[in-house]
>>> print(open('structure-v2.cif').read())   # mmCIF, C-alpha atoms
data_upload
loop_
_atom_site.group_PDB
_atom_site.id
_atom_site.type_symbol
_atom_site.label_atom_id
_atom_site.label_comp_id
_atom_site.auth_asym_id
_atom_site.auth_seq_id
_atom_site.Cartn_x
_atom_site.Cartn_y
_atom_site.Cartn_z
ATOM 1 C CA LYS Y 143 7.968 -16.650 -1.683
ATOM 2 C CA TYR Y 144 4.239 -16.158 -2.041
ATOM 3 C CA TYR Y 145 2.006 -17.809 -4.619
ATOM 4 C CA THR Y 146 -1.534 -17.361 -5.920
ATOM 5 C CA PRO Y 147 -4.019 -20.233 -5.380
ATOM 6 C CA SER Y 148 -3.192 -21.424 -8.910
ATOM 7 C CA GLY Y 149 0.500 -21.723 -8.001
ATOM 8 C CA ARG Y 150 1.763 -18.602 -9.810
ATOM 9 C CA SER Y 151 4.493 -16.670 -7.978
ATOM 10 C CA ILE Y 152 3.537 -13.094 -7.135
ATOM 11 C CA HIS Y 153 7.199 -11.981 -7.281
ATOM 12 C CA ARG Y 154 8.785 -10.328 -10.303
ATOM 13 C CA GLU Y 155 11.936 -12.027 -11.572
ATOM 14 C CA GLU Y 156 14.880 -9.644 -11.039
ATOM 15 C CA LYS Y 157 16.901 -10.963 -13.997
ATOM 16 C CA THR Y 158 14.151 -11.047 -16.607
ATOM 17 C CA GLY Y 159 11.722 -8.459 -15.247
ATOM 18 C CA LYS Y 160 8.895 -10.893 -15.972
ATOM 19 C CA GLY Y 161 6.198 -12.219 -13.715
ATOM 20 C CA GLY Y 162 4.617 -10.620 -10.734
ATOM 21 C CA ILE Y 163 1.079 -9.435 -10.199
ATOM 22 C CA ILE Y 164 -0.420 -6.465 -11.998
ATOM 23 C CA PRO Y 165 -2.952 -4.746 -9.732
ATOM 24 C CA ASP Y 166 -6.487 -4.085 -10.951
ATOM 25 C CA ILE Y 167 -6.292 -0.545 -9.590
ATOM 26 C CA THR Y 168 -3.122 1.519 -9.713
ATOM 27 C CA ILE Y 169 -2.367 4.811 -8.006
ATOM 28 C CA GLU Y 170 0.531 6.903 -9.231
ATOM 29 C CA VAL Y 171 2.892 8.128 -6.506
ATOM 30 C CA THR Y 172 6.094 10.053 -7.181
ATOM 31 C CA ARG Y 173 9.391 8.613 -5.951
ATOM 32 C CA GLU Y 174 9.741 11.616 -3.638
ATOM 33 C CA VAL Y 175 6.388 10.956 -1.964
ATOM 34 C CA GLU Y 176 7.134 7.224 -1.802
ATOM 35 C CA ALA Y 177 10.464 7.937 -0.071
ATOM 36 C CA LYS Y 178 8.782 10.262 2.445
ATOM 37 C CA LEU Y 179 6.093 7.677 3.173
ATOM 38 C CA GLN Y 180 8.749 5.012 3.736
ATOM 39 C CA GLY Y 181 10.591 7.361 6.105
ATOM 40 C CA GLN Y 182 7.379 8.058 8.006
ATOM 41 C CA ASP Y 183 6.689 4.344 8.228
ATOM 42 C CA ASP Y 184 10.199 3.651 9.535
ATOM 43 C CA GLU Y 185 9.753 6.427 12.091
ATOM 44 C CA LEU Y 186 6.377 5.163 13.304
ATOM 45 C CA TYR Y 187 7.252 1.488 13.490
ATOM 46 C CA ALA Y 188 10.896 1.577 14.594
ATOM 47 C CA LYS Y 189 11.607 -1.288 16.991
ATOM 48 C CA ASP Y 190 13.835 0.811 19.227
ATOM 49 C CA ARG Y 191 11.429 3.761 19.402
ATOM 50 C CA THR Y 192 10.944 4.950 22.978
ATOM 51 C CA THR Y 193 8.830 8.052 22.313
ATOM 52 C CA THR Y 194 5.877 8.886 20.133
ATOM 53 C CA PRO Y 195 7.073 10.435 16.869
ATOM 54 C CA ALA Y 196 6.285 14.121 16.479
ATOM 55 C CA VAL Y 197 3.714 15.030 13.864
ATOM 56 C CA THR Y 198 5.275 17.568 11.574
ATOM 57 C CA LYS Y 199 3.908 19.610 8.730
ATOM 58 C CA ASP Y 200 6.393 17.815 6.447
ATOM 59 C CA ARG Y 201 4.347 14.640 6.690
ATOM 60 C CA VAL Y 202 2.763 13.489 3.466
ATOM 61 C CA GLU Y 203 -0.671 11.943 3.214
ATOM 62 C CA ASP Y 204 -0.695 8.261 2.280
ATOM 63 C CA VAL Y 205 -2.956 8.568 -0.763
ATOM 64 C CA VAL Y 206 -2.636 4.864 -1.572
ATOM 65 C CA LEU Y 207 -3.897 3.871 1.877
ATOM 66 C CA LYS Y 208 -6.661 6.480 1.718
ATOM 67 C CA ARG Y 209 -7.799 5.216 -1.700
ATOM 68 C CA GLY Y 210 -7.715 1.606 -0.486
ATOM 69 C CA VAL Y 211 -9.953 2.448 2.466
ATOM 70 C CA GLU Y 212 -12.360 4.272 0.133
ATOM 71 C CA LEU Y 213 -12.534 1.234 -2.159
ATOM 72 C CA LEU Y 214 -13.188 -1.148 0.726
ATOM 73 C CA LYS Y 215 -15.976 1.087 2.031
ATOM 74 C CA ALA Y 216 -17.506 1.307 -1.442
ATOM 75 C CA GLN Y 217 -17.317 -2.469 -1.827
ATOM 76 C CA LYS Y 218 -19.182 -2.909 1.451
ATOM 77 C CA VAL Y 219 -21.901 -0.450 0.400
ATOM 78 C CA PHE Y 220 -22.383 -2.119 -2.994
ATOM 79 C CA SER Y 221 -22.521 -5.609 -1.480
ATOM 80 C CA GLN Y 222 -25.198 -4.428 0.942
ATOM 81 C CA LEU Y 223 -27.198 -2.951 -1.943
ATOM 82 C CA LYS Y 224 -27.035 -6.288 -3.781
ATOM 83 C CA GLU Y 225 -28.318 -8.148 -0.743
ATOM 84 C CA GLY Y 226 -31.165 -5.729 -0.020
#
>>> encode(input="structure-v2.cif", output="structure tokens")
Amino acid sequence: KYYTPSGRSIHREEKTGKGGIIPDITIEVTREVEAKLQGQDDELYAKDRTTTPAVTKDRVEDVVLKRGVELLKAQKVFSQLKEG
């Protein structure tokens, strides 16, 4: 299990549905897109993969990853503005 610095578990209790961490920023993704992303991830990072996976037009864009990168870039820009 993983815990915050204050000792709080970041995992949600299966029985009660309580606990866990609520993110500051949420991005809605449909179950269909989430399933496709998981399939793409499994395809890319399969341990027994011997060839490079083919890029198909059925691939979905990882909007959560894209948004995360945008936020990190913005954070860097704003921290530089504060310093200068």
>>> atom_distance(input="structure-v2.cif", atom1="CA of Arg150 (chain Y)", atom2="CA of Ile167 (chain Y)")
19.8 Å
>>> resolve_selection(input="structure-v2.cif", expression="the PyMOL selection byres ((chain Y and resi 152) around 12)", output="PyMOL selection string")
chain Y and resi 143-151+153-155+160-165
>>> atom_distance(input="structure-v2.cif", atom1="CA of Glu174 (chain Y)", atom2="CA of Ala188 (chain Y)")
20.8 Å
>>> resolve_selection(input="structure-v2.cif", expression="the PyMOL selection byres ((chain Y and resi 202-218) around 12)", output="count of residues only")
29
>>> axis_aligned_box(input="structure-v2.cif", around="region 182-187 of chain Y", padding_each_side="5 Å", output="JSON")
{"center_x": 8.3, "center_y": 4.8, "center_z": 10.7, "size_x": 13.8, "size_y": 16.6, "size_z": 15.5}
